Structures are given as C-alpha cells and as structure tokens.
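So this one's protein_32.txt, compact mmCIF, C-alpha atoms (C1' of nucleotides):
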```txt
# COMPACT_ATOMS: atom_id res chain seq x y z
CA MET S 17 -41.56 14.18 -27.45
CA PRO S 18 -43.13 13.43 -30.82
CA GLU S 19 -43.79 9.78 -31.54
CA HIS S 20 -41.06 8.03 -33.50
CA THR S 21 -43.53 7.74 -36.36
CA GLY S 22 -42.86 11.44 -36.89
CA PRO S 23 -44.67 14.58 -35.77
CA THR S 24 -48.27 14.92 -36.84
CA GLU S 25 -50.07 18.05 -37.80
CA ALA S 26 -51.61 18.30 -34.33
CA SER S 27 -48.31 17.99 -32.52
CA GLU S 28 -46.95 20.77 -34.71
CA ARG S 29 -49.85 22.99 -33.75
CA ILE S 30 -49.24 22.14 -30.10
CA VAL S 31 -45.57 23.09 -30.25
CA ALA S 32 -46.37 26.29 -32.14
CA ALA S 33 -48.93 27.29 -29.52
CA ALA S 34 -46.57 26.34 -26.71
CA LYS S 35 -43.77 28.42 -28.18
CA ARG S 36 -45.98 31.45 -28.50
CA LEU S 37 -47.50 31.13 -25.02
CA PHE S 38 -44.39 30.07 -23.09
CA ALA S 39 -42.46 32.94 -24.67
CA ARG S 40 -45.05 35.59 -23.87
CA GLU S 41 -46.45 34.44 -20.52
CA GLY S 42 -43.71 32.31 -19.01
CA TYR S 43 -43.63 28.60 -18.24
CA SER S 44 -45.53 28.67 -14.94
CA SER S 45 -48.21 31.07 -16.10
CA VAL S 46 -49.24 28.90 -19.03
CA SER S 47 -51.45 25.89 -18.46
CA ILE S 48 -51.86 22.85 -20.65
CA ARG S 49 -55.45 23.97 -21.04
CA ASP S 50 -54.28 27.28 -22.53
CA ILE S 51 -52.01 25.50 -24.96
CA ALA S 52 -54.68 22.97 -25.93
CA GLU S 53 -57.18 25.72 -26.66
CA ALA S 54 -54.68 27.72 -28.70
CA ALA S 55 -53.76 24.60 -30.69
CA GLU S 56 -57.42 23.60 -31.01
CA VAL S 57 -56.97 20.14 -29.51
CA SER S 58 -58.05 18.60 -26.22
CA LYS S 59 -55.92 18.62 -23.09
CA ALA S 60 -55.64 14.84 -23.24
CA ASN S 61 -54.33 15.09 -26.77
CA VAL S 62 -51.49 17.28 -25.56
CA PHE S 63 -50.55 14.55 -23.07
CA HIS S 64 -50.78 11.98 -25.83
CA HIS S 65 -48.05 13.75 -27.79
CA PHE S 66 -45.96 14.92 -24.85
CA ALA S 67 -45.55 12.98 -21.63
CA SER S 68 -45.60 16.06 -19.43
CA LYS S 69 -45.68 19.83 -19.47
CA GLU S 70 -41.95 19.86 -18.79
CA GLU S 71 -41.27 17.62 -21.78
CA LEU S 72 -43.34 19.85 -24.05
CA TYR S 73 -41.35 22.82 -22.79
CA VAL S 74 -38.01 21.15 -23.43
CA GLU S 75 -39.01 20.24 -26.96
CA THR S 76 -40.25 23.79 -27.58
CA LEU S 77 -37.02 25.24 -26.23
CA ARG S 78 -34.97 22.87 -28.37
CA ARG S 79 -36.65 24.15 -31.52
CA CYS S 80 -36.19 27.75 -30.44
CA CYS S 81 -32.47 27.12 -29.93
CA GLU S 82 -32.24 25.72 -33.46
CA SER S 83 -33.97 28.79 -34.80
CA ALA S 84 -31.67 31.08 -32.84
CA ARG S 85 -28.34 29.54 -33.82
CA SER S 86 -28.73 29.37 -37.59
CA LEU S 87 -26.99 32.64 -38.37
CA ILE S 88 -23.41 31.47 -38.54
CA GLN S 89 -23.88 29.43 -41.72
CA ALA S 90 -24.49 32.45 -43.91
CA PHE S 91 -21.31 34.12 -42.70
CA ALA S 92 -18.87 31.24 -42.88
CA GLU S 93 -17.29 32.11 -46.21
CA ASP S 94 -16.71 35.83 -46.34
CA ALA S 95 -13.22 35.83 -44.88
CA GLY S 96 -11.83 37.88 -47.75
CA ARG S 97 -13.55 41.09 -46.78
CA GLU S 98 -12.58 43.98 -44.54
CA PRO S 99 -12.95 43.12 -40.82
CA ALA S 100 -14.88 46.34 -40.22
CA GLU S 101 -17.40 45.46 -42.90
CA GLN S 102 -17.65 41.89 -41.66
CA LEU S 103 -18.29 43.15 -38.16
CA ARG S 104 -20.95 45.59 -39.27
CA ASP S 105 -22.77 42.98 -41.32
CA PHE S 106 -22.56 40.42 -38.56
CA VAL S 107 -23.97 42.71 -35.89
CA ARG S 108 -26.79 43.82 -38.19
CA ALA S 109 -27.61 40.24 -39.19
CA ASP S 110 -27.51 39.03 -35.59
CA LEU S 111 -29.92 41.76 -34.55
CA HIS S 112 -32.30 41.01 -37.40
CA ARG S 113 -32.26 37.32 -36.69
CA ALA S 114 -33.27 38.01 -33.09
CA LEU S 115 -36.02 40.43 -34.10
CA ASP S 116 -37.36 38.14 -36.83
CA ASP S 117 -38.35 35.39 -34.39
CA PRO S 118 -39.15 37.29 -31.21
CA ASP S 119 -40.81 34.36 -29.44
CA ALA S 120 -37.81 32.08 -29.93
CA THR S 121 -35.45 34.85 -28.89
CA ARG S 122 -37.47 35.66 -25.80
CA LEU S 123 -37.62 32.02 -24.72
CA VAL S 124 -33.86 31.57 -25.12
CA LEU S 125 -33.06 34.84 -23.37
CA THR S 126 -35.34 33.90 -20.51
CA GLU S 127 -33.41 30.66 -20.13
CA ALA S 128 -30.13 32.58 -20.21
CA PHE S 129 -31.30 35.12 -17.64
CA ASP S 130 -29.50 34.27 -14.42
CA ALA S 131 -29.13 30.67 -15.49
CA ASN S 132 -27.36 28.13 -13.34
CA PRO S 133 -23.95 26.97 -14.61
CA CYS S 134 -25.29 23.78 -16.16
CA ARG S 135 -28.02 25.46 -18.17
CA ALA S 136 -25.68 28.29 -19.14
CA ARG S 137 -23.15 25.78 -20.46
CA THR S 138 -25.84 24.08 -22.53
CA LEU S 139 -27.00 27.39 -23.98
CA VAL S 140 -23.45 28.37 -24.87
CA ASN S 141 -22.93 25.04 -26.60
CA GLU S 142 -26.26 25.10 -28.41
CA VAL S 143 -26.81 28.77 -29.17
CA PHE S 144 -24.41 31.50 -28.19
CA GLY S 145 -21.08 29.77 -28.50
CA ALA S 146 -20.79 29.61 -32.28
CA ASP S 147 -21.79 33.22 -32.90
CA PHE S 148 -19.59 34.43 -30.07
CA GLN S 149 -16.59 32.56 -31.43
CA ARG S 150 -17.30 33.87 -34.92
CA MET S 151 -17.30 37.39 -33.58
CA THR S 152 -14.09 36.97 -31.60
CA GLU S 153 -12.49 35.66 -34.80
CA ILE S 154 -13.49 38.82 -36.63
CA PHE S 155 -11.86 40.87 -33.88
CA SER S 156 -8.72 38.75 -33.82
CA ARG S 157 -8.37 39.03 -37.58
CA GLY S 158 -8.87 42.76 -37.37
CA GLN S 159 -6.08 42.93 -34.82
CA HIS S 160 -3.63 40.70 -36.67
CA THR S 161 -4.17 41.62 -40.29
CA GLY S 162 -6.09 44.89 -40.09
CA SER S 163 -5.51 48.16 -38.37
CA TRP S 164 -7.11 47.46 -35.01
CA ARG S 165 -5.46 48.07 -31.66
CA ARG S 166 -4.24 44.96 -29.88
CA ASP S 167 -4.78 46.07 -26.31
CA ALA S 168 -8.48 45.21 -26.19
CA SER S 169 -9.68 41.67 -25.56
CA PRO S 170 -11.62 40.12 -28.47
CA ALA S 171 -13.79 38.30 -25.94
CA LEU S 172 -14.70 41.57 -24.25
CA MET S 173 -15.52 43.29 -27.52
CA ALA S 174 -17.64 40.35 -28.59
CA SER S 175 -19.40 40.45 -25.22
CA LEU S 176 -20.11 44.13 -25.69
CA MET S 177 -21.69 43.52 -29.09
CA LEU S 178 -23.70 40.63 -27.66
CA ALA S 179 -24.80 42.94 -24.83
CA ALA S 180 -25.81 45.69 -27.24
CA ASN S 181 -27.97 43.38 -29.33
CA THR S 182 -29.44 41.52 -26.39
CA PHE S 183 -30.42 44.75 -24.72
CA TYR S 184 -32.03 46.09 -27.87
CA THR S 185 -34.00 42.89 -28.30
CA ALA S 186 -35.03 42.37 -24.69
CA HIS S 187 -35.62 45.93 -23.52
CA ARG S 188 -36.77 47.69 -26.66
CA GLU S 189 -39.90 49.10 -25.08
CA VAL S 190 -37.83 50.66 -22.29
CA LEU S 191 -35.59 52.19 -24.97
CA ARG S 192 -38.66 53.67 -26.65
CA GLN S 193 -39.56 55.46 -23.42
CA LEU S 194 -36.10 56.90 -22.72
CA PRO S 195 -35.63 60.57 -23.62
CA GLY S 196 -33.53 61.28 -26.71
CA VAL S 197 -33.72 57.74 -28.07
CA ASP S 198 -34.67 57.86 -31.75
CA PHE S 199 -33.30 54.49 -32.82
CA ALA S 200 -35.71 52.17 -31.00
CA ASP S 201 -37.56 51.41 -34.23
CA ASP S 202 -34.55 51.40 -36.54
CA PRO S 203 -32.34 48.39 -35.77
CA ASP S 204 -29.96 49.08 -38.66
CA GLN S 205 -29.32 52.60 -37.44
CA TYR S 206 -28.72 51.24 -33.94
CA ALA S 207 -26.34 48.53 -35.14
CA ASP S 208 -24.40 50.97 -37.31
CA HIS S 209 -23.96 53.50 -34.52
CA VAL S 210 -22.90 50.83 -32.07
CA VAL S 211 -20.29 49.54 -34.50
CA ASP S 212 -19.15 53.10 -35.28
CA ILE S 213 -18.56 53.76 -31.60
CA LEU S 214 -16.74 50.48 -31.20
CA LEU S 215 -14.47 51.28 -34.14
CA ASP S 216 -13.72 54.92 -33.49
CA GLY S 217 -14.44 55.62 -29.84
CA ILE S 218 -15.89 58.90 -28.70
CA GLN S 219 -12.77 60.97 -28.16
CA LYS S 220 -11.60 63.29 -30.87
CA GLU S 221 -8.69 62.14 -32.99
CA ALA S 222 -5.48 63.63 -31.69
CA MET P 29 -50.33 46.87 1.42
CA PRO P 30 -49.13 47.34 5.02
CA GLU P 31 -51.77 48.59 7.45
CA HIS P 32 -51.79 52.32 7.99
CA THR P 33 -50.63 51.68 11.53
CA GLY P 34 -47.24 50.93 9.98
CA PRO P 35 -45.54 47.73 8.91
CA THR P 36 -45.00 45.15 11.62
CA GLU P 37 -42.08 42.83 12.01
CA ALA P 38 -44.02 40.00 10.42
CA SER P 39 -44.98 41.99 7.36
CA GLU P 40 -41.32 42.91 6.89
CA ARG P 41 -40.39 39.24 6.99
CA ILE P 42 -43.11 38.52 4.45
CA VAL P 43 -41.89 41.16 2.01
CA ALA P 44 -38.29 40.02 2.43
CA ALA P 45 -39.26 36.41 1.70
CA ALA P 46 -41.42 37.51 -1.23
CA LYS P 47 -38.60 39.54 -2.72
CA ARG P 48 -36.20 36.66 -2.50
CA LEU P 49 -38.61 34.08 -3.89
CA PHE P 50 -40.27 36.19 -6.59
CA ALA P 51 -36.85 37.24 -7.84
CA ARG P 52 -35.42 33.74 -8.00
CA GLU P 53 -38.45 31.66 -9.03
CA GLY P 54 -40.76 34.10 -10.76
CA TYR P 55 -44.20 35.35 -9.79
CA SER P 56 -46.25 32.40 -10.99
CA SER P 57 -43.92 29.75 -9.65
CA VAL P 58 -44.07 31.04 -6.10
CA SER P 59 -47.06 30.25 -3.92
CA ILE P 60 -48.28 32.09 -0.85
CA ARG P 61 -47.52 28.90 1.02
CA ASP P 62 -43.85 29.12 -0.05
CA ILE P 63 -43.66 32.73 1.09
CA ALA P 64 -45.41 32.01 4.39
CA GLU P 65 -43.00 29.19 5.17
CA ALA P 66 -39.94 31.27 4.29
CA ALA P 67 -41.23 34.13 6.45
CA GLU P 68 -42.22 31.74 9.25
CA VAL P 69 -45.83 32.86 9.41
CA SER P 70 -49.09 31.20 8.41
CA LYS P 71 -50.68 31.55 4.99
CA ALA P 72 -53.63 33.40 6.53
CA ASN P 73 -51.25 35.88 8.09
CA VAL P 74 -49.89 36.77 4.67
CA PHE P 75 -53.44 37.57 3.55
CA HIS P 76 -53.94 39.58 6.70
CA HIS P 77 -51.11 41.92 5.72
CA PHE P 78 -51.66 41.88 1.96
CA ALA P 79 -55.05 41.62 0.34
CA SER P 80 -53.83 39.38 -2.48
CA LYS P 81 -50.76 37.80 -4.00
CA GLU P 82 -50.78 40.50 -6.66
CA GLU P 83 -50.78 43.25 -4.04
CA LEU P 84 -47.87 41.64 -2.21
CA TYR P 85 -45.99 41.48 -5.49
CA VAL P 86 -46.63 45.13 -6.29
CA GLU P 87 -45.42 46.21 -2.86
CA THR P 88 -42.32 44.02 -3.22
CA LEU P 89 -41.60 45.46 -6.65
CA ARG P 90 -42.07 49.00 -5.37
CA ARG P 91 -39.38 48.44 -2.75
CA CYS P 92 -37.04 46.88 -5.28
CA CYS P 93 -37.45 49.92 -7.51
CA GLU P 94 -36.51 52.18 -4.61
CA SER P 95 -33.46 50.08 -3.96
CA ALA P 96 -32.48 50.17 -7.63
CA ARG P 97 -32.79 53.91 -8.24
CA SER P 98 -30.79 55.24 -5.32
CA LEU P 99 -27.48 55.63 -7.14
CA ILE P 100 -27.92 59.08 -8.60
CA GLN P 101 -27.83 60.88 -5.24
CA ALA P 102 -24.20 60.06 -4.63
CA PHE P 103 -23.17 61.43 -8.00
CA ALA P 104 -25.11 64.66 -8.10
CA GLU P 105 -22.31 66.99 -7.03
CA ASP P 106 -19.16 65.97 -8.82
CA ALA P 107 -19.62 68.16 -11.88
CA GLY P 108 -16.17 69.67 -11.53
CA ARG P 109 -14.30 66.54 -12.58
CA GLU P 110 -13.15 65.19 -15.91
CA PRO P 111 -16.04 63.69 -17.94
CA ALA P 112 -13.99 60.56 -18.61
CA GLU P 113 -13.43 60.01 -14.89
CA GLN P 114 -17.08 60.77 -14.11
CA LEU P 115 -18.15 58.25 -16.72
CA ARG P 116 -15.82 55.57 -15.43
CA ASP P 117 -16.95 56.03 -11.84
CA PHE P 118 -20.59 56.10 -12.82
CA VAL P 119 -20.43 52.88 -14.84
CA ARG P 120 -18.54 51.12 -12.07
CA ALA P 121 -20.93 52.34 -9.38
CA ASP P 122 -23.98 51.41 -11.45
CA LEU P 123 -22.63 47.91 -11.93
CA HIS P 124 -21.84 47.49 -8.26
CA ARG P 125 -25.25 48.74 -7.19
CA ALA P 126 -26.88 46.14 -9.44
CA LEU P 127 -24.64 43.35 -8.16
CA ASP P 128 -25.07 44.36 -4.52
CA ASP P 129 -28.80 43.67 -4.49
CA PRO P 130 -29.18 40.90 -7.04
CA ASP P 131 -32.75 40.02 -6.06
CA ALA P 132 -34.00 43.58 -6.51
CA THR P 133 -32.10 43.90 -9.77
CA ARG P 134 -33.44 40.65 -11.08
CA LEU P 135 -37.03 41.56 -10.23
CA VAL P 136 -36.77 44.94 -11.94
CA LEU P 137 -35.04 43.51 -15.01
CA THR P 138 -37.70 40.83 -15.29
CA GLU P 139 -40.32 43.56 -15.30
CA ALA P 140 -38.38 45.47 -17.95
CA PHE P 141 -37.93 42.40 -20.15
CA ASP P 142 -40.27 42.86 -23.09
CA ALA P 143 -42.53 45.08 -21.02
CA ASN P 144 -45.63 46.65 -22.49
CA PRO P 145 -45.47 50.42 -23.08
CA CYS P 146 -47.30 51.29 -19.89
CA ARG P 147 -45.07 49.24 -17.62
CA ALA P 148 -41.97 50.39 -19.48
CA ARG P 149 -42.97 54.01 -18.95
CA THR P 150 -43.44 53.41 -15.24
CA LEU P 151 -40.05 51.72 -14.96
CA VAL P 152 -38.35 54.57 -16.80
CA ASN P 153 -39.99 57.10 -14.48
CA GLU P 154 -39.27 55.13 -11.33
CA VAL P 155 -35.92 53.49 -12.01
CA PHE P 156 -34.00 53.91 -15.25
CA GLY P 157 -34.87 57.45 -16.22
CA ALA P 158 -32.78 59.34 -13.70
CA ASP P 159 -29.62 57.30 -14.20
CA PHE P 160 -30.03 57.39 -17.96
CA GLN P 161 -30.41 61.14 -17.97
CA ARG P 162 -27.42 61.51 -15.66
CA MET P 163 -25.35 59.49 -18.08
CA THR P 164 -26.48 61.44 -21.14
CA GLU P 165 -25.51 64.61 -19.26
CA ILE P 166 -22.00 63.28 -18.74
CA PHE P 167 -21.75 62.58 -22.47
CA SER P 168 -23.16 65.98 -23.42
CA ARG P 169 -20.73 67.72 -21.11
CA GLY P 170 -17.89 65.70 -22.56
CA GLN P 171 -18.90 66.82 -26.02
CA HIS P 172 -19.37 70.49 -25.19
CA THR P 173 -16.60 71.20 -22.73
CA GLY P 174 -14.27 68.23 -23.14
CA SER P 175 -12.55 66.62 -26.06
CA TRP P 176 -15.25 64.20 -27.20
CA ARG P 177 -16.52 63.88 -30.73
CA ARG P 178 -19.93 65.39 -31.37
CA ASP P 179 -21.15 63.00 -34.04
CA ALA P 180 -22.34 60.32 -31.64
CA SER P 181 -25.69 60.53 -29.89
CA PRO P 182 -25.45 60.82 -26.07
CA ALA P 183 -28.65 58.75 -25.84
CA LEU P 184 -27.05 55.96 -27.86
CA MET P 185 -23.87 55.96 -25.82
CA ALA P 186 -25.87 55.91 -22.60
CA SER P 187 -27.93 53.02 -23.98
CA LEU P 188 -24.76 51.13 -24.79
CA MET P 189 -23.46 51.54 -21.25
CA LEU P 190 -26.85 50.49 -19.87
CA ALA P 191 -26.73 47.47 -22.18
CA ALA P 192 -23.23 46.54 -21.07
CA ASN P 193 -24.12 46.63 -17.39
CA THR P 194 -27.50 44.96 -17.80
CA PHE P 195 -25.95 42.14 -19.77
CA TYR P 196 -23.23 41.62 -17.21
CA THR P 197 -25.79 41.52 -14.42
CA ALA P 198 -28.41 39.38 -16.12
CA HIS P 199 -26.25 36.94 -18.10
CA ARG P 200 -23.15 36.63 -15.98
CA GLU P 201 -23.27 32.86 -15.89
CA VAL P 202 -23.38 32.71 -19.68
CA LEU P 203 -20.35 35.02 -19.75
CA ARG P 204 -18.53 32.63 -17.42
CA GLN P 205 -19.04 29.83 -19.92
CA LEU P 206 -17.88 31.72 -23.00
CA PRO P 207 -14.35 30.97 -24.20
CA GLY P 208 -11.76 33.68 -23.57
CA VAL P 209 -13.85 35.56 -21.01
CA ASP P 210 -11.75 36.29 -17.93
CA PHE P 211 -13.71 39.23 -16.55
CA ALA P 212 -16.89 37.47 -15.46
CA ASP P 213 -15.85 37.66 -11.82
CA ASP P 214 -14.19 41.05 -11.93
CA PRO P 215 -16.83 43.74 -12.46
CA ASP P 216 -14.35 46.60 -12.11
CA GLN P 217 -12.14 45.16 -14.82
CA TYR P 218 -15.18 44.73 -17.04
CA ALA P 219 -16.42 48.27 -16.44
CA ASP P 220 -12.97 49.74 -17.08
CA HIS P 221 -12.48 47.88 -20.34
CA VAL P 222 -15.95 48.81 -21.56
CA VAL P 223 -15.30 52.47 -20.82
CA ASP P 224 -11.85 52.26 -22.44
CA ILE P 225 -13.38 50.92 -25.63
CA LEU P 226 -16.06 53.57 -25.59
CA LEU P 227 -13.46 56.30 -25.17
CA ASP P 228 -10.79 55.13 -27.60
CA GLY P 229 -12.43 52.73 -30.03
CA ILE P 230 -10.61 49.73 -31.34
CA GLN P 231 -8.91 51.17 -34.39
CA LYS P 232 -5.32 52.32 -34.14
CA GLU P 233 -4.67 56.01 -33.87
CA ALA P 234 -3.95 57.43 -37.31
C1' DG N 27 -52.12 39.92 14.75
C1' DT N 28 -51.95 35.29 14.54
C1' DC N 29 -53.67 31.01 14.01
C1' DT N 30 -56.52 26.35 12.28
C1' DA N 31 -59.89 24.93 9.31
C1' DT N 32 -62.19 25.29 5.16
C1' DA N 33 -64.25 26.82 0.61
C1' DT N 34 -63.59 26.88 -4.24
C1' DG N 35 -61.35 26.55 -8.38
C1' DG N 36 -57.92 25.07 -11.63
C1' DA N 37 -53.67 22.71 -12.23
C1' DG N 38 -51.20 18.37 -14.23
C1' DA N 39 -52.05 13.95 -15.44
C1' DT N 40 -54.78 9.35 -16.41
C1' DA N 41 -58.60 5.98 -17.94
C1' DG N 42 -60.77 4.24 -21.34
C1' DA N 43 -64.26 4.74 -25.28
C1' DC N 44 -64.15 5.58 -30.22
C1' DG O 5 -54.97 9.96 -32.59
C1' DT O 6 -58.57 12.08 -30.56
C1' DC O 7 -61.90 12.66 -27.38
C1' DT O 8 -64.94 13.06 -22.57
C1' DA O 9 -64.81 12.16 -17.95
C1' DT O 10 -62.33 11.86 -13.98
C1' DC O 11 -58.56 11.68 -10.30
C1' DT O 12 -55.69 14.04 -7.12
C1' DC O 13 -53.37 17.78 -5.53
C1' DC O 14 -52.41 22.41 -4.51
C1' DA O 15 -53.41 27.16 -5.59
C1' DT O 16 -55.68 31.65 -3.78
C1' DA O 17 -58.53 33.30 -0.61
C1' DT O 18 -61.95 33.41 3.51
C1' DA O 19 -64.20 32.37 8.20
C1' DG O 20 -63.86 32.74 12.58
C1' DA O 21 -61.57 31.38 17.15
C1' DC O 22 -57.99 33.21 20.26
```

Represent the structure contained in this file as structure tokens.
Amino acid sequence: MPEHTGPTEASERIVAAAKRLFAREGYSSVSIRDIAEAAEVSKANVFHHFASKEELYVETLRRCCESARSLIQAFAEDAGREPAEQLRDFVRADLHRALDDPDATRLVLTEAFDANPCRARTLVNEVFGADFQRMTEIFSRGQHTGSWRRDASPALMASLMLAANTFYTAHREVLRQLPGVDFADDPDQYADHVVDILLDGIQKEA
Amino acid sequence: MPEHTGPTEASERIVAAAKRLFAREGYSSVSIRDIAEAAEVSKANVFHHFASKEELYVETLRRCCESARSLIQAFAEDAGREPAEQLRDFVRADLHRALDDPDATRLVLTEAFDANPCRARTLVNEVFGADFQRMTEIFSRGQHTGSWRRDASPALMASLMLAANTFYTAHREVLRQLPGVDFADDPDQYADHVVDILLDGIQKEA
DNA sequence: GTCTATATGGAGATAGAC
DNA sequence: GTCTATCTCCATATAGAC
C-alpha cells in the first residue's frame, strides 16, 4: 500500500513493473528481486512501499480492475439509438478496451480463471458486473422495443458476447494457428462477424 | 520421463498428484515436496522417476493433452445425420469432455492462455486442431448440403463455439455470480441455447 | 526403487546506516 | 526514501546407503 502521504515516483515505477511482470509471468514466478530490478530500485525499497509481495499484488490487481471497468461510462447516454448498432459498438469497444491494456486484461482474466466463489463475486462487482448488465439491457431493450425474438435469455446472449471477446483476447495466438482463421489480427472484423451471427443466425431465411 | 522399463505404480501416483496440483495451483506454486507428499513418496523418489520438475510437468501436460483430444473419435462416423443435430451433439459432447476432466482441461487452457506462437502451434496440432477442423466441416456441410447461409465463415463459427465452451469451462464461477444467469450448473441447457442462437439468430423472422 | 541426509541457491522479509 | 547487509526458510537437485 502506498504511504498516506501519497504515492511517490518510485512506488509508481514499482507498481508498473509489478503489473507487467505479474501479468506476463504469473504471481509465483515473479520475485521481488525481478520487480525491483525492472523498477530500478532496491529490494528493500519495494518492502518500504509495500508490506509484502501479496500486498503489492493486491494493489496492482486493484489498479488493473479500475483500468478494465472504465468502458461503461462512454456508453451510458446513447439510449436513443438502434439496439443492433448499440450492440455492435459495445462489443467492438469492449474488445478494443481489452486489447489496449493487455497486461491489465491478462491479470484480471487470470484471477477470473477458475476463481473461487468469493473472488468471482468480487470480480463481478468490481469489473464484469457493470458491463454485463449494460449488455443485458441492450438485449432487453431490443426484445421489448425492437424486433428481436423474446425466446432467448438476455443473460445468455450477454454471456456469449463476453465469451467471444474473452476468447479472442486470451487465446489469440491459438486462433492465429487455426486453419481458415483470417480475423486473428482484425478485431473489428471479428466483432462485426460475431454480432452478425448473433443477429441473423446461420440458417437461411425461410 | 518414465524409465524405459515402463512406468511403475509410484510414478503413476506422482503424475496423478502432479496433474492435480499443477492444474489447481500452477507450475511455480507447486513444489516437488508438495507433489511427493500427495503421491506418498519421498522427494528423492520423484527425482528418480523424473529428471527435473520441468520434465515432470511436460510429461503431465502430455497426458492431459491426450485426455483432452480424444473426443473426435466418437464422432467420426455420423456423417449421415442432419448438420444441426451433429452440431448440437458435438458442442454438448465437447463441453462434457472438458467438464469431466477439469484438471486436464485447466492445465491445457492455462498453456493456451496467451501462449507464444510455438506453444500455440503445438497445442493446435496436439489438442484443438482436430476438433476445430471437425467443427468447421460440420459448418461447411451445413452450408453446401443443408439450409445454412453461406456468408458466414465456418472458421469464425467454429471459433465462436470454441469460445462459448472455453468460457463456460474456465469462468464458470464468474457466470454463477452474474445476475440473471441460470445455466451455470446446467451445461446441456447452455450448449442447447448457444446452438439455438447460432442457428436462428436473435432477430424475429421477417 | 526407495529412502535419509545434504549441497546449493534464491526466495521473502528485516535491520539499521544514510 | 533509499540503500547494503543480513536473516531464515524452502526450493531444486544430488549422494549414497539399503
């Protein structure tokens, strides 16, 4: 935890290095020595700013959660538009936000991976919950005021969009290696096709 | 690596313990001491059967890959059925296979998470490639002989199904915490709804 | 094949000077 | 706030008896 006098330049460098290293190597693989070297301070200085490795990790994760949940603001006031266009923009923006800060995204997704109920609840409250709710609202509006079928659960459709974006973010290199995949380096194309399928399905119109 | 005389009972216990612990705690968090205790052998005995921690991990991962890629056999010879029914069965079976061996699935997904190109290529060759290709074949057949639209890429649809199942497997606890989600403990319901959406889309028929 | 005992290094964390 | 030096513990790995 930063001192109550406010974070210094060094503690900022420490958190930045920790974020980068924890995200890429994993908590247990990274030593305080690694972080100290990357931040260009001594080991002891790390323990001056943060009482333990665990505490440094928690602070790092907290900042990554902040970075990962900031999307919803920009989309709060566009309720006048077509649900389909809202959905498309939201999925594209969500994907870009994840790709724009890959270390934060990776750290949060690692936490979410097979999390215990307590940690999962925290992550939903801090990160996923708001965006998920926003997306279910788009679906509900599409069903009530638009032309969308009412026999599909908004929560399931929102989960499917979350799954699509999470998979693209977390397993992009696997996508690159799969035969026939030409969208692994074009997130907008991916998002658009996913939304198209969601809207129209794959069966021919009757 | 097991001796060329064949794996003994003890080495089987060691691999089983390693699989369980590596999957749940992560490679770096697990010590040889932990594994030895779980397998009820001495530390030195672990090093008798496996030259290093890394080698034990590689052998464990190899077995998990085998366990994870065995689905395709059972579905090789049902080409006479409706593509929609094939797809539904395949998605359900793929989900169940992942859920039936959660440790193996978790270990493989951890490897796939943000993997470098070389590791990703190996995983595609060893695990994901065959199932992915099988799924794209179902989509291609549906487009050519069935009544499916031809303007969606089979590779993208297969990726979306892979994403749906991976997300359900890896982030199930997060799903449980999300409001409105009632399918987190009913994989068949989830698979069916996902396939329904893929087939029909969410817009009303014209 | 299995063990006890040990070598060696690096981890997290602290003491105390500046 | 920052450092060097140090403590203690536990990691991987080896030696060698049985």

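Atom pair CA of Arg137 in chain S / CA of Met151 in chain S has a distance of 18.5 Å (rounded to one decimal).
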
- Query: Mind listing as JSON, numbers by chain which residues of chain O are within 10 Å of chain P, counting all atoms listed in the file?
  - Reply: {"O": [14, 15, 16, 17, 18]}

Keeping C-alpha atoms (C1' of nucleotides), export the residues of the selection given above as a PDB file, in the coordinates of the input.
```pdb
ATOM      1  C1'  DC O  14     -52.410  22.410  -4.510  1.00  0.00           C
ATOM      2  C1'  DA O  15     -53.410  27.160  -5.590  1.00  0.00           C
ATOM      3  C1'  DT O  16     -55.680  31.650  -3.780  1.00  0.00           C
ATOM      4  C1'  DA O  17     -58.530  33.300  -0.610  1.00  0.00           C
ATOM      5  C1'  DT O  18     -61.950  33.410   3.510  1.00  0.00           C
TER       6       DT O  18
END
```

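What separates CA of Cys92 in chain P from CA of Phe141 in chain P is a distance of 15.6 Å.
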
I'd like a table as a tab-separated table: residues in chain N with an atom no more than 10 Å from chain S, each row giving the shortest atom pair and its distance in Å to one decimal, only C-alpha atoms (C1' of nucleotides) counted, sorted by chain and rising residue number.
```
residue	atom	partner	partner_atom	distance
N:DG36	C1'	S:Ser47	CA	9.4
N:DA37	C1'	S:Ser47	CA	7.3
N:DG38	C1'	S:Lys69	CA	7.7
N:DA39	C1'	S:Phe63	CA	7.8
N:DT40	C1'	S:Ala60	CA	8.8
```

- Task: For chain S, work out the contacting residues on chain P at 6 Å, counting all atoms listed in the file, and write them as a PyMOL selection string.
- Result: chain P and resi 56-57+141-142+148-149+175-177+183+191-192+195+198-199+202+205+208-209+226-232

- Query: Using all atoms listed in the file, what residues lie at most 10 Å away from (-55.3, 13.5, -26.9) (file coordinates), given as a PyMOL selection string?
  - Reply: (chain S and resi 26+52+57-66) or (chain O and resi 5-7)

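With only C-alpha atoms (C1' of nucleotides) taken into account, the protein and nucleic acid residues at most 12 Å from range 53-56 of chain S (excluding it and anything under 6 positions from it in its own chain) are Glu25, Ala26, Ser27, Glu28, Arg29, Ile30, Val31, Ala32, Ala33, Ala34, Lys35, Arg36, Leu37, Phe38, Val46, Ser47 and Val62 of chain S; DT6 of chain O.
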
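Here CA of Ile51 in chain S and C1' of DT8 in chain O stand 18.1 Å from one another.
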
- Could you give me, as a ChimeraX atom specification, the residues within 10 Å of DA9 in chain O, counting only C-alpha atoms (C1' of nucleotides) and dropping anything in the same chain fewer than 2 positions from it? /N:41-42 /O:7,11

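Restricting the calculation to all atoms listed in the file, the smallest distance between Leu135 in chain P and any of P:Ala219, P:Ile166, P:Leu84, P:Cys93 is found for P:Cys93.
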
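Closest approach to Leu115 in chain S among S:Asp208, S:Arg78, S:Glu142, S:Ala84: S:Ala84, based on only C-alpha atoms.
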